[in-house]
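J.: The structure file query-v6.tsv (TSV, C-alpha atoms) is provided below.
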chain	number	residue	atom	x	y	z
G	369	MET	CA	0.00	0.00	0.00
G	370	LYS	CA	2.88	2.35	0.88
G	371	GLY	CA	4.56	1.57	-2.47
G	372	PHE	CA	1.29	2.29	-4.25
G	373	LEU	CA	0.92	5.69	-2.56
G	374	THR	CA	4.58	6.57	-3.22
G	375	GLY	CA	4.08	5.63	-6.87
G	376	LEU	CA	1.06	7.94	-7.05
G	377	MET	CA	3.01	10.81	-5.47
G	378	ARG	CA	5.93	10.33	-7.88
G	379	LEU	CA	3.60	10.09	-10.88
G	380	HIS	CA	4.63	6.56	-11.84
G	381	ARG	CA	2.62	4.83	-14.53
G	382	GLY	CA	1.78	1.54	-12.74
G	383	PRO	CA	-0.24	2.82	-9.75
G	384	TRP	CA	-1.95	5.54	-11.76
G	385	GLU	CA	-3.02	3.00	-14.40
G	386	ALA	CA	-4.30	0.76	-11.64
G	387	LEU	CA	-6.34	3.65	-10.22
G	388	ALA	CA	-7.73	4.52	-13.68
G	389	THR	CA	-8.64	0.86	-14.22
G	390	ILE	CA	-10.54	0.75	-10.91
G	391	ILE	CA	-12.46	3.91	-11.88
G	392	ILE	CA	-13.39	2.50	-15.32
G	393	ALA	CA	-14.49	-0.82	-13.80
G	394	LEU	CA	-16.55	1.06	-11.21
G	395	GLY	CA	-18.16	3.16	-13.96
G	396	VAL	CA	-19.09	0.11	-16.03
G	397	PHE	CA	-20.49	-1.64	-12.96
G	398	MET	CA	-22.54	1.47	-12.10
G	399	LEU	CA	-23.88	1.55	-15.68
G	400	MET	CA	-25.10	-2.04	-15.62
G	401	GLN	CA	-26.05	-2.68	-11.99
G	402	PRO	CA	-29.72	-3.31	-11.21
G	403	PHE	CA	-29.75	-1.75	-7.70
G	404	VAL	CA	-29.89	2.07	-7.66
G	405	LEU	CA	-30.74	4.60	-10.36
G	406	TRP	CA	-28.38	7.32	-9.08
G	407	ALA	CA	-25.39	5.02	-9.68
G	408	PHE	CA	-26.58	4.62	-13.29
G	409	THR	CA	-26.88	8.41	-13.59
G	410	TYR	CA	-23.28	9.00	-12.52
G	411	SER	CA	-21.85	5.98	-14.36
G	412	PHE	CA	-20.99	7.79	-17.59
G	413	ILE	CA	-19.00	10.57	-15.96
G	414	THR	CA	-17.14	7.97	-13.85
G	415	THR	CA	-16.24	5.89	-16.92
G	416	LEU	CA	-15.28	9.00	-18.88
G	417	VAL	CA	-12.99	10.28	-16.11
G	418	GLY	CA	-11.39	6.82	-15.81
G	419	THR	CA	-10.87	6.47	-19.57
G	420	VAL	CA	-9.38	9.94	-20.04
G	421	MET	CA	-7.21	9.38	-16.97
G	422	PHE	CA	-6.04	6.05	-18.39
G	423	ILE	CA	-5.04	7.68	-21.69
G	424	VAL	CA	-3.12	10.44	-19.88
G	425	VAL	CA	-1.37	8.28	-17.27
G	426	SER	CA	-0.27	5.65	-19.79
G	427	HIS	CA	2.26	8.31	-20.92
G	428	PHE	CA	3.72	8.64	-17.41
G	429	PRO	CA	7.22	7.19	-16.85
G	430	GLU	CA	7.57	3.61	-15.61
G	431	GLY	CA	8.54	3.35	-11.93
G	432	GLU	CA	11.84	1.74	-10.85
K	1074	MET	CA	20.99	-7.25	-69.43
K	1075	THR	CA	17.21	-7.62	-69.34
K	1076	ASP	CA	15.14	-4.91	-67.71
K	1077	THR	CA	13.50	-5.76	-64.41
K	1078	LEU	CA	9.88	-4.83	-63.70
K	1079	ALA	CA	11.09	-1.97	-61.46
K	1080	ASP	CA	13.27	-0.61	-64.28
K	1081	LYS	CA	10.32	-0.79	-66.67
K	1082	ALA	CA	8.11	1.03	-64.14
K	1083	ALA	CA	10.81	3.68	-63.62
K	1084	GLY	CA	11.12	4.11	-67.39
K	1085	ALA	CA	7.35	4.54	-67.71
K	1086	THR	CA	7.24	7.29	-65.03
K	1087	PRO	CA	7.11	10.75	-66.63
K	1088	LYS	CA	10.44	12.63	-66.32
K	1089	ARG	CA	8.73	15.57	-64.61
K	1090	VAL	CA	7.49	13.26	-61.78
K	1091	VAL	CA	10.88	11.50	-61.55
K	1092	ARG	CA	12.64	14.85	-60.99
K	1093	LYS	CA	10.15	15.77	-58.26
K	1094	ILE	CA	10.44	12.41	-56.46
K	1095	ARG	CA	14.25	12.46	-56.57
K	1096	GLY	CA	14.19	15.68	-54.58
K	1097	LEU	CA	12.13	14.10	-51.75
K	1098	SER	CA	13.54	12.53	-48.57
K	1099	ASP	CA	12.77	8.90	-47.61
K	1100	ARG	CA	10.50	10.20	-44.87
K	1101	ALA	CA	8.50	12.31	-47.31
K	1102	ILE	CA	8.09	9.36	-49.68
K	1103	ALA	CA	6.93	7.20	-46.76
K	1104	TRP	CA	4.34	9.87	-45.90
K	1105	ILE	CA	3.11	9.89	-49.50
K	1106	PHE	CA	2.46	6.15	-49.28
K	1107	VAL	CA	0.79	6.34	-45.88
K	1108	ALA	CA	-1.28	9.48	-46.58
K	1109	PRO	CA	-4.19	7.77	-48.44
K	1110	THR	CA	-4.71	5.35	-45.53
K	1111	ILE	CA	-4.59	8.16	-42.98
K	1112	PHE	CA	-7.01	10.18	-45.08
K	1113	LEU	CA	-9.45	7.23	-45.27
K	1114	LEU	CA	-9.13	6.62	-41.53
K	1115	LEU	CA	-9.89	10.26	-40.80
K	1116	ALA	CA	-12.82	10.31	-43.23
K	1117	ILE	CA	-14.40	7.02	-42.13
K	1118	ASN	CA	-13.63	6.88	-38.40
K	1119	ILE	CA	-12.48	10.16	-36.89
K	1120	PHE	CA	-14.74	12.61	-38.74
K	1121	PRO	CA	-18.01	10.72	-37.95
K	1122	LEU	CA	-16.91	10.39	-34.33
K	1123	ILE	CA	-16.29	14.13	-33.97
K	1124	TRP	CA	-19.55	14.87	-35.78
K	1125	THR	CA	-21.45	12.51	-33.48
K	1126	ILE	CA	-19.96	14.23	-30.43
K	1127	GLN	CA	-21.05	17.59	-31.83
K	1128	LEU	CA	-24.58	16.32	-32.63
K	1129	SER	CA	-24.94	14.89	-29.13
K	1130	PHE	CA	-25.12	18.45	-27.77
K	1131	THR	CA	-27.97	19.42	-30.12
K	1132	ASN	CA	-31.62	18.55	-30.71
K	1133	PHE	CA	-30.91	17.66	-34.35
K	1134	ARG	CA	-33.42	15.38	-36.09
K	1135	ALA	CA	-32.28	13.75	-39.34
K	1136	ASN	CA	-35.84	13.70	-40.73
K	1137	ARG	CA	-36.12	17.50	-40.39
K	1138	LEU	CA	-33.06	18.68	-42.25
K	1139	THR	CA	-34.46	22.11	-42.97
K	1140	ARG	CA	-34.78	22.94	-39.27
K	1141	GLU	CA	-31.65	24.45	-37.75
K	1142	PRO	CA	-30.44	22.28	-34.82
K	1143	GLU	CA	-30.27	24.06	-31.45
K	1144	PHE	CA	-27.42	23.69	-29.00
K	1145	ILE	CA	-28.91	22.18	-25.83
K	1146	GLY	CA	-25.75	21.44	-23.84
K	1147	LEU	CA	-25.77	18.26	-21.78
K	1148	ARG	CA	-29.56	17.82	-21.82
K	1149	ASN	CA	-29.44	14.67	-24.02
K	1150	TYR	CA	-26.96	13.02	-21.66
K	1151	GLU	CA	-29.06	14.05	-18.67
K	1152	ARG	CA	-32.22	12.55	-20.21
K	1153	ILE	CA	-30.53	9.26	-21.08
K	1154	LEU	CA	-28.84	8.82	-17.73
K	1155	THR	CA	-32.02	9.46	-15.74
K	1156	ASP	CA	-34.27	7.31	-17.94
K	1157	SER	CA	-35.30	4.14	-16.10
K	1158	ASP	CA	-36.21	2.40	-19.40
K	1159	ILE	CA	-32.64	2.82	-20.67
K	1160	TRP	CA	-31.43	1.58	-17.32
K	1161	LEU	CA	-33.49	-1.60	-17.90
K	1162	ASN	CA	-31.98	-1.94	-21.39
K	1163	MET	CA	-28.52	-1.72	-19.83
K	1164	GLN	CA	-29.45	-4.48	-17.38
K	1165	ALA	CA	-30.69	-6.65	-20.26
K	1166	THR	CA	-27.37	-6.03	-22.03
K	1167	ALA	CA	-25.42	-6.85	-18.86
K	1168	HIS	CA	-27.34	-10.14	-18.45
K	1169	PHE	CA	-26.69	-11.06	-22.07
K	1170	LEU	CA	-23.02	-10.03	-21.89
K	1171	PHE	CA	-22.25	-11.85	-18.65
K	1172	TRP	CA	-23.89	-15.15	-19.48
K	1173	THR	CA	-22.77	-15.38	-23.10
K	1174	ILE	CA	-19.14	-14.71	-22.19
K	1175	ALA	CA	-19.20	-17.06	-19.18
K	1176	LEU	CA	-20.76	-19.92	-21.16
K	1177	GLN	CA	-18.67	-19.37	-24.28
K	1178	VAL	CA	-15.42	-19.34	-22.32
K	1179	LEU	CA	-16.36	-22.40	-20.31
K	1180	ILE	CA	-17.68	-24.50	-23.21
K	1181	GLY	CA	-15.13	-23.12	-25.72
K	1182	PHE	CA	-12.17	-23.95	-23.51
K	1183	THR	CA	-13.53	-27.43	-22.70
K	1184	LEU	CA	-14.07	-28.17	-26.40
K	1185	ALA	CA	-10.58	-26.91	-27.29
K	1186	TRP	CA	-9.07	-29.04	-24.55
K	1187	LEU	CA	-10.90	-32.12	-25.84
K	1188	ILE	CA	-10.10	-31.41	-29.50
K	1189	ASN	CA	-6.44	-30.92	-28.58
K	1190	LYS	CA	-6.28	-34.56	-27.45
K	1191	LYS	CA	-5.13	-36.65	-30.36
K	1192	PHE	CA	-8.00	-38.92	-31.40
K	1193	LYS	CA	-9.31	-40.36	-34.63
K	1194	GLY	CA	-11.37	-37.89	-36.64
K	1195	ASN	CA	-10.63	-34.79	-34.56
K	1196	ASP	CA	-10.23	-32.69	-37.74
K	1197	LEU	CA	-13.74	-33.67	-38.80
K	1198	TRP	CA	-15.10	-32.76	-35.36
K	1199	THR	CA	-13.31	-29.39	-35.47
K	1200	THR	CA	-14.97	-28.63	-38.82
K	1201	ILE	CA	-18.40	-29.65	-37.54
K	1202	ILE	CA	-18.03	-27.57	-34.36
K	1203	VAL	CA	-16.84	-24.52	-36.29
K	1204	LEU	CA	-19.80	-24.58	-38.73
K	1205	PRO	CA	-22.24	-22.33	-36.75
K	1206	MET	CA	-19.70	-19.51	-36.70
K	1207	MET	CA	-19.63	-19.44	-40.49
K	1208	LEU	CA	-23.36	-18.83	-40.85
K	1209	SER	CA	-24.93	-15.43	-41.22
K	1210	PRO	CA	-26.55	-14.10	-38.00
K	1211	ALA	CA	-29.76	-13.43	-39.96
K	1212	VAL	CA	-29.94	-17.08	-41.03
K	1213	VAL	CA	-29.12	-18.32	-37.51
K	1214	GLY	CA	-31.78	-16.02	-36.04
K	1215	ASN	CA	-34.41	-17.29	-38.46
K	1216	PHE	CA	-33.79	-20.99	-38.07
K	1217	TRP	CA	-33.58	-20.76	-34.27
K	1218	LYS	CA	-36.94	-19.06	-34.44
K	1219	PHE	CA	-38.25	-22.28	-35.97
K	1220	LEU	CA	-36.39	-24.41	-33.42
K	1221	TYR	CA	-38.02	-22.41	-30.61
K	1222	GLN	CA	-41.57	-22.82	-32.02
K	1223	PRO	CA	-43.72	-24.24	-29.19
K	1224	GLN	CA	-45.74	-26.52	-31.51
K	1225	ILE	CA	-43.22	-27.75	-34.07
K	1226	GLY	CA	-39.84	-26.62	-32.67
K	1227	LEU	CA	-37.19	-29.23	-32.01
K	1228	PHE	CA	-35.84	-27.34	-28.99
K	1229	ASN	CA	-39.11	-27.62	-27.07
K	1230	TYR	CA	-39.31	-31.34	-27.87
K	1231	ILE	CA	-35.76	-31.95	-26.60
K	1232	VAL	CA	-36.50	-30.05	-23.38
K	1233	ALA	CA	-39.79	-31.93	-23.05
K	1234	PHE	CA	-37.98	-35.26	-23.52
K	1235	PHE	CA	-35.64	-34.54	-20.60
K	1236	THR	CA	-38.06	-32.77	-18.26
K	1237	GLY	CA	-41.30	-34.57	-19.02
K	1238	LYS	CA	-43.08	-31.26	-19.66
K	1239	GLU	CA	-45.54	-30.73	-22.49
K	1240	PRO	CA	-43.59	-29.22	-25.49
K	1241	SER	CA	-46.21	-26.56	-26.13
K	1242	SER	CA	-46.46	-25.61	-22.45
K	1243	PHE	CA	-43.62	-23.08	-22.66
K	1244	GLU	CA	-42.59	-20.50	-25.21
K	1245	MET	CA	-38.90	-19.57	-25.31
K	1246	LEU	CA	-39.33	-16.37	-27.34
K	1247	GLY	CA	-42.68	-15.30	-25.97
K	1248	SER	CA	-42.02	-15.62	-22.25
K	1249	VAL	CA	-40.61	-12.72	-20.22
K	1250	GLN	CA	-38.55	-15.14	-18.09
K	1251	LEU	CA	-37.24	-17.32	-20.93
K	1252	ALA	CA	-36.65	-14.83	-23.76
K	1253	PRO	CA	-33.40	-13.39	-22.28
K	1254	TRP	CA	-32.08	-16.96	-21.99
K	1255	SER	CA	-33.15	-17.84	-25.52
K	1256	ILE	CA	-30.84	-15.17	-26.99
K	1257	VAL	CA	-28.01	-16.30	-24.67
K	1258	ILE	CA	-28.40	-19.89	-25.93
K	1259	VAL	CA	-28.32	-18.89	-29.60
K	1260	ASP	CA	-25.31	-16.57	-29.24
K	1261	THR	CA	-23.47	-19.25	-27.26
K	1262	TRP	CA	-24.28	-21.85	-29.92
K	1263	MET	CA	-23.03	-19.56	-32.65
K	1264	TRP	CA	-19.88	-18.07	-31.10
K	1265	THR	CA	-18.49	-20.79	-28.82
K	1266	PRO	CA	-16.51	-22.18	-31.81
K	1267	PHE	CA	-14.72	-18.83	-32.10
K	1268	VAL	CA	-13.58	-19.01	-28.46
K	1269	MET	CA	-12.69	-22.67	-29.01
K	1270	LEU	CA	-10.45	-21.83	-31.99
K	1271	ILE	CA	-8.59	-19.14	-30.04
K	1272	CYS	CA	-8.13	-21.50	-27.06
K	1273	LEU	CA	-6.99	-24.26	-29.42
K	1274	ALA	CA	-4.31	-21.94	-30.82
K	1275	GLY	CA	-3.21	-21.27	-27.22
K	1276	LEU	CA	-3.15	-24.95	-26.31
K	1277	ARG	CA	-1.18	-25.89	-29.43
K	1278	SER	CA	1.39	-23.17	-28.70
K	1279	ILE	CA	2.43	-24.88	-25.43
K	1280	PRO	CA	5.63	-26.85	-26.11
K	1281	ASP	CA	5.53	-30.55	-25.17
K	1282	TYR	CA	8.84	-30.35	-23.28
K	1283	ILE	CA	7.18	-28.29	-20.51
K	1284	TYR	CA	4.77	-31.16	-19.82
K	1285	GLU	CA	7.64	-33.65	-20.10
K	1286	ALA	CA	9.62	-31.69	-17.50
K	1287	ALA	CA	6.55	-31.63	-15.25
K	1288	GLU	CA	6.19	-35.42	-15.68
K	1289	VAL	CA	9.82	-35.85	-14.65
K	1290	ASP	CA	9.09	-33.75	-11.55
K	1291	ARG	CA	6.11	-36.05	-10.90
K	1292	ALA	CA	3.56	-33.24	-11.12
K	1293	SER	CA	0.02	-34.63	-11.23
K	1294	LYS	CA	-2.23	-34.03	-14.26
K	1295	LEU	CA	-4.35	-31.63	-12.24
K	1296	ARG	CA	-1.30	-29.64	-11.16
K	1297	GLN	CA	-0.02	-29.56	-14.75
K	1298	PHE	CA	-3.39	-28.23	-15.84
K	1299	PHE	CA	-3.45	-25.40	-13.29
K	1300	THR	CA	0.24	-24.45	-13.40
K	1301	ILE	CA	1.03	-24.93	-17.11
K	1302	THR	CA	-2.10	-25.13	-19.26
K	1303	ILE	CA	-4.23	-22.39	-17.69
K	1304	PRO	CA	-1.46	-19.71	-17.33
K	1305	MET	CA	-0.21	-20.29	-20.87
K	1306	VAL	CA	-3.67	-20.19	-22.44
K	1307	LEU	CA	-4.77	-17.17	-20.37
K	1308	PRO	CA	-3.60	-14.45	-22.84
K	1309	PHE	CA	-5.53	-16.20	-25.62
K	1310	LEU	CA	-8.57	-16.60	-23.42
K	1311	MET	CA	-8.47	-12.91	-22.48
K	1312	LEU	CA	-8.26	-11.98	-26.14
K	1313	ALA	CA	-11.35	-14.10	-26.82
K	1314	VAL	CA	-13.19	-12.42	-23.92
K	1315	LEU	CA	-12.21	-8.98	-25.26
K	1316	PHE	CA	-13.44	-9.77	-28.77
K	1317	ARG	CA	-16.68	-11.37	-27.62
K	1318	GLY	CA	-17.30	-8.69	-24.99
K	1319	ILE	CA	-17.02	-5.84	-27.48
K	1320	GLU	CA	-19.05	-7.72	-30.11
K	1321	ASN	CA	-21.81	-8.65	-27.69
K	1322	PHE	CA	-22.02	-5.16	-26.26
K	1323	LYS	CA	-22.98	-4.08	-29.80
K	1324	MET	CA	-25.16	-7.15	-30.50
K	1325	PHE	CA	-27.99	-6.28	-32.86
K	1326	ASP	CA	-28.73	-8.55	-35.83
K	1327	LEU	CA	-29.20	-11.88	-34.08
K	1328	VAL	CA	-31.51	-10.50	-31.40
K	1329	VAL	CA	-33.57	-8.46	-33.89
K	1330	GLN	CA	-34.16	-11.63	-35.92
K	1331	LEU	CA	-35.03	-13.70	-32.88
K	1332	THR	CA	-37.14	-11.52	-30.63
K	1333	GLY	CA	-37.05	-7.99	-32.09
K	1334	GLY	CA	-36.39	-6.81	-28.53
K	1335	GLY	CA	-39.53	-8.40	-27.09
K	1336	PRO	CA	-41.62	-9.57	-25.33
K	1337	GLY	CA	-42.15	-5.99	-24.14
K	1338	SER	CA	-38.60	-4.77	-23.89
K	1339	THR	CA	-37.07	-7.72	-22.03
K	1340	THR	CA	-34.53	-8.45	-24.77
K	1341	GLU	CA	-34.17	-4.90	-26.02
K	1342	LEU	CA	-30.40	-4.54	-25.85
K	1343	THR	CA	-28.83	-1.08	-25.97
K	1344	SER	CA	-27.98	-1.27	-29.68
K	1345	ILE	CA	-31.59	-2.12	-30.58
K	1346	ASN	CA	-32.84	0.74	-28.42
K	1347	LEU	CA	-30.27	3.05	-30.01
K	1348	LYS	CA	-31.42	2.09	-33.51
K	1349	ARG	CA	-35.05	2.81	-32.52
K	1350	GLU	CA	-34.14	6.23	-31.16
K	1351	ALA	CA	-32.06	7.10	-34.24
K	1352	PHE	CA	-34.07	5.65	-37.13
K	1353	GLU	CA	-37.63	5.14	-35.87
K	1354	LYS	CA	-38.10	8.13	-33.56
K	1355	TRP	CA	-35.52	10.19	-35.50
K	1356	ARG	CA	-34.06	11.76	-32.35
K	1357	THR	CA	-30.60	12.01	-33.90
K	1358	GLY	CA	-29.03	14.28	-31.27
K	1359	TYR	CA	-30.32	12.09	-28.45
K	1360	ALA	CA	-29.17	8.91	-30.23
K	1361	SER	CA	-25.73	10.48	-30.78
K	1362	ALA	CA	-25.37	11.08	-27.03
K	1363	TYR	CA	-26.48	7.48	-26.44
K	1364	ALA	CA	-23.87	6.23	-28.93
K	1365	ILE	CA	-21.14	8.28	-27.24
K	1366	ILE	CA	-22.03	6.75	-23.85
K	1367	LEU	CA	-21.74	3.25	-25.31
K	1368	PHE	CA	-18.52	4.16	-27.13
K	1369	VAL	CA	-16.83	5.46	-23.97
K	1370	THR	CA	-17.88	2.32	-22.08
K	1371	VAL	CA	-16.48	-0.03	-24.73
K	1372	PHE	CA	-13.34	2.08	-25.07
K	1373	GLY	CA	-12.76	2.04	-21.30
K	1374	LEU	CA	-13.28	-1.72	-21.10
K	1375	ALA	CA	-10.96	-2.30	-24.07
K	1376	SER	CA	-8.25	-0.19	-22.39
K	1377	ILE	CA	-8.40	-2.34	-19.25
K	1378	TYR	CA	-8.28	-5.48	-21.29
K	1379	VAL	CA	-5.36	-4.45	-23.47
K	1380	LYS	CA	-3.42	-3.53	-20.33
K	1381	ALA	CA	-4.26	-6.87	-18.67
K	1382	LEU	CA	-3.33	-8.72	-21.83
K	1383	ASN	CA	0.08	-7.03	-21.99
K	1384	LYS	CA	0.70	-7.88	-18.33
K	1385	VAL	CA	-0.15	-11.55	-18.86
K	1386	LYS	CA	2.07	-11.65	-21.96
K	1387	GLU	CA	5.00	-10.12	-20.01
K	1388	ARG	CA	4.73	-12.95	-17.46
Would you write out, as structure tokens, the structure that this file holds?

T.:
Amino acid sequence: MKGFLTGLMRLHRGPWEALATIIIALGVFMLMQPFVLWAFTYSFITTLVGTVMFIVVSHFPEGE
Amino acid sequence: MTDTLADKAAGATPKRVVRKIRGLSDRAIAWIFVAPTIFLLLAINIFPLIWTIQLSFTNFRANRLTREPEFIGLRNYERILTDSDIWLNMQATAHFLFWTIALQVLIGFTLAWLINKKFKGNDLWTTIIVLPMMLSPAVVGNFWKFLYQPQIGLFNYIVAFFTGKEPSSFEMLGSVQLAPWSIVIVDTWMWTPFVMLICLAGLRSIPDYIYEAAEVDRASKLRQFFTITIPMVLPFLMLAVLFRGIENFKMFDLVVQLTGGGPGSTTELTSINLKREAFEKWRTGYASAYAIILFVTVFGLASIYVKALNKVKER
């Protein structure tokens, strides 16, 4: 966990990509879940933020 | 010395063009060759995408071309994302996506594993198994419609044979409970061979000496399966899931032929709903926003998958 946070602070690609992946997965789950409508409402913005973030952070340098 | 084809071509090129080309760098010549492809890509993919994004912020209707479209900001997105009917369509798509992929991976991998065993006539069996994939979805949809007929359909008779129920006592395409499963069954029947072929390629790429080394180390068959077969087939399996996931998220033809989205809207997948909005209700701006939502979802999922695939390959 400490390594993950350090990676985020130092703008390393790995942890940022992992974070973006979690956000995309969350967005897709919110889009397709059958439980609450508000999650469906905010699903698109979540997926969009995750996807844009993924594109940006995939250009970050690889950590050591 | 006889002229080569290249010499002949060079001789046929007008001198004016030859002089111009000689003055160009290798990089410039490379760009000249690549430019038509880039132009086509921009015209066919990028331009429609940008146009769709622009239309998604308007109330444009393609059947009223004379009316100037108004800019309405994010209203289309707001309407879609607060519409409980679209939410239900998404759930129908999720059900279809989850079960088709789960069944296709499970059955496809099992078939590939069996076909990979050397036995008499396995080439013939491979051809027979692969046949459904080669058919047109429209044809498959139509003949499964006959198979699902409660009175004359073979499917109902087979189910009746095993369960003891009356064949005409249930209707696969007409029942709210069974219709979502009927489209899952047909898609699984049609596309499992595709997953099987990809898994077969993965299984055949595993060198025999790895298994031989495991035998020497006295690893059991089960251990060999979980520590050699599964990890080495995983990248192929993930590729199959990616392809089928994206394809099924856009599934249209097969379901339209089978149920047309019914009964009610139980099998109305997002692509069918999108087509209705765009070409039956002619709400082009609204449908564009809908398409962008689906595009971003597929794009996001594909990004995750490509990353996961690269990680597995690195291992």

J.: Report, in Å with one decimal, the straight-line distance from CA of Asn1383 in chain K to CA of Ile423 in chain G.

T.: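 Atom-to-atom, CA of Asn1383 in chain K to CA of Ile423 in chain G, that is 15.6 Å.
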
J.: Please report the interatomic distance between CA of Gln1222 in chain K and CA of Thr1261 in chain K in Å with one decimal.

T.: 19.1 Å

J.: Quick one: pull the distance between CA of Ala1108 in chain K and CA of Arg1092 in chain K, Å, one decimal.

T.: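 Interatomic distance here is 20.7 Å.
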
J.: Return as a ChimeraX atom specification the residues belonging to chain G that are within 12 Å of chain K, counting all atoms listed in the file.

T.: /G:381-382,385-423,426

J.: Just to be explicit: take each residue in the selection above, keep C-alpha atoms, and write the result as a tab-separated table (two decimals), keeping the file's coordinate frame.

T.:
chain	number	residue	atom	x	y	z
G	381	ARG	CA	2.62	4.83	-14.53
G	382	GLY	CA	1.78	1.54	-12.74
G	385	GLU	CA	-3.02	3.00	-14.40
G	386	ALA	CA	-4.30	0.76	-11.64
G	387	LEU	CA	-6.34	3.65	-10.22
G	388	ALA	CA	-7.73	4.52	-13.68
G	389	THR	CA	-8.64	0.86	-14.22
G	390	ILE	CA	-10.54	0.75	-10.91
G	391	ILE	CA	-12.46	3.91	-11.88
G	392	ILE	CA	-13.39	2.50	-15.32
G	393	ALA	CA	-14.49	-0.82	-13.80
G	394	LEU	CA	-16.55	1.06	-11.21
G	395	GLY	CA	-18.16	3.16	-13.96
G	396	VAL	CA	-19.09	0.11	-16.03
G	397	PHE	CA	-20.49	-1.64	-12.96
G	398	MET	CA	-22.54	1.47	-12.10
G	399	LEU	CA	-23.88	1.55	-15.68
G	400	MET	CA	-25.10	-2.04	-15.62
G	401	GLN	CA	-26.05	-2.68	-11.99
G	402	PRO	CA	-29.72	-3.31	-11.21
G	403	PHE	CA	-29.75	-1.75	-7.70
G	404	VAL	CA	-29.89	2.07	-7.66
G	405	LEU	CA	-30.74	4.60	-10.36
G	406	TRP	CA	-28.38	7.32	-9.08
G	407	ALA	CA	-25.39	5.02	-9.68
G	408	PHE	CA	-26.58	4.62	-13.29
G	409	THR	CA	-26.88	8.41	-13.59
G	410	TYR	CA	-23.28	9.00	-12.52
G	411	SER	CA	-21.85	5.98	-14.36
G	412	PHE	CA	-20.99	7.79	-17.59
G	413	ILE	CA	-19.00	10.57	-15.96
G	414	THR	CA	-17.14	7.97	-13.85
G	415	THR	CA	-16.24	5.89	-16.92
G	416	LEU	CA	-15.28	9.00	-18.88
G	417	VAL	CA	-12.99	10.28	-16.11
G	418	GLY	CA	-11.39	6.82	-15.81
G	419	THR	CA	-10.87	6.47	-19.57
G	420	VAL	CA	-9.38	9.94	-20.04
G	421	MET	CA	-7.21	9.38	-16.97
G	422	PHE	CA	-6.04	6.05	-18.39
G	423	ILE	CA	-5.04	7.68	-21.69
G	426	SER	CA	-0.27	5.65	-19.79

J.: I'd like to know which of K:Met1207, K:Leu1197, K:Leu1310, K:Val1249 is closest to Gln1177 in chain K, using only C-alpha atoms.

T.: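 Ranked by minimum distance to Gln1177 in chain K, first place goes to K:Leu1310.
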
J.: Show me the residues close to (-32.6, -27.3, -32.3) - anything with an atom within 10 Å, counting all atoms listed in the file - and format the list as a short mmCIF file (atom, residue, chain, number, x, y, z; two decimals) with C-alpha atoms, in the frame of the given file.

T.:
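The resulting file, selection.cif, is reproduced below:
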data_model
loop_
_atom_site.label_atom_id
_atom_site.label_comp_id
_atom_site.auth_asym_id
_atom_site.auth_seq_id
_atom_site.Cartn_x
_atom_site.Cartn_y
_atom_site.Cartn_z
CA PHE K 1216 -33.79 -20.99 -38.07
CA TRP K 1217 -33.58 -20.76 -34.27
CA LYS K 1218 -36.94 -19.06 -34.44
CA PHE K 1219 -38.25 -22.28 -35.97
CA LEU K 1220 -36.39 -24.41 -33.42
CA TYR K 1221 -38.02 -22.41 -30.61
CA GLY K 1226 -39.84 -26.62 -32.67
CA LEU K 1227 -37.19 -29.23 -32.01
CA PHE K 1228 -35.84 -27.34 -28.99
CA ASN K 1229 -39.11 -27.62 -27.07
CA TYR K 1230 -39.31 -31.34 -27.87
CA ILE K 1231 -35.76 -31.95 -26.60
CA VAL K 1259 -28.32 -18.89 -29.60
#

J.: Determine, counting all atoms listed in the file, every residue of protein, DNA or RNA that lies within 12 Å of (0.2, -30.3, -31.1) in the file coordinates, then give the result as a list in words.

T.: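 It turns out the residues near that spot are Ala1185, Trp1186, Ile1188, Asn1189, Lys1190, Lys1191, Phe1192, Leu1273, Ala1274, Gly1275, Leu1276, Arg1277, Ser1278, Ile1279, Pro1280, Asp1281 and Tyr1282 of chain K.
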
J.: As a PDB file, in the coordinates of the input, could you write out range 1279-1286 of chain K once it has been completed with N, CA and C atoms?

T.:
ATOM      1  N   ILE K1279       1.675 -24.432 -26.613  1.00  0.00           N
ATOM      2  CA  ILE K1279       2.430 -24.880 -25.430  1.00  0.00           C
ATOM      3  C   ILE K1279       3.388 -25.997 -25.856  1.00  0.00           C
ATOM      4  N   PRO K1280       4.696 -25.800 -25.676  1.00  0.00           N
ATOM      5  CA  PRO K1280       5.630 -26.850 -26.110  1.00  0.00           C
ATOM      6  C   PRO K1280       5.506 -28.106 -25.246  1.00  0.00           C
ATOM      7  N   ASP K1281       5.674 -29.274 -25.878  1.00  0.00           N
ATOM      8  CA  ASP K1281       5.530 -30.550 -25.170  1.00  0.00           C
ATOM      9  C   ASP K1281       6.567 -30.720 -24.068  1.00  0.00           C
ATOM     10  N   TYR K1282       7.772 -30.109 -24.267  1.00  0.00           N
ATOM     11  CA  TYR K1282       8.840 -30.350 -23.280  1.00  0.00           C
ATOM     12  C   TYR K1282       8.485 -29.799 -21.891  1.00  0.00           C
ATOM     13  N   ILE K1283       7.584 -28.814 -21.833  1.00  0.00           N
ATOM     14  CA  ILE K1283       7.180 -28.290 -20.510  1.00  0.00           C
ATOM     15  C   ILE K1283       6.418 -29.383 -19.749  1.00  0.00           C
ATOM     16  N   TYR K1284       5.516 -30.061 -20.457  1.00  0.00           N
ATOM     17  CA  TYR K1284       4.770 -31.160 -19.820  1.00  0.00           C
ATOM     18  C   TYR K1284       5.707 -32.311 -19.461  1.00  0.00           C
ATOM     19  N   GLU K1285       6.683 -32.557 -20.359  1.00  0.00           N
ATOM     20  CA  GLU K1285       7.640 -33.650 -20.100  1.00  0.00           C
ATOM     21  C   GLU K1285       8.454 -33.356 -18.839  1.00  0.00           C
ATOM     22  N   ALA K1286       8.866 -32.083 -18.705  1.00  0.00           N
ATOM     23  CA  ALA K1286       9.620 -31.690 -17.500  1.00  0.00           C
ATOM     24  C   ALA K1286       8.763 -31.845 -16.258  1.00  0.00           C
TER      25      ALA K1286
END
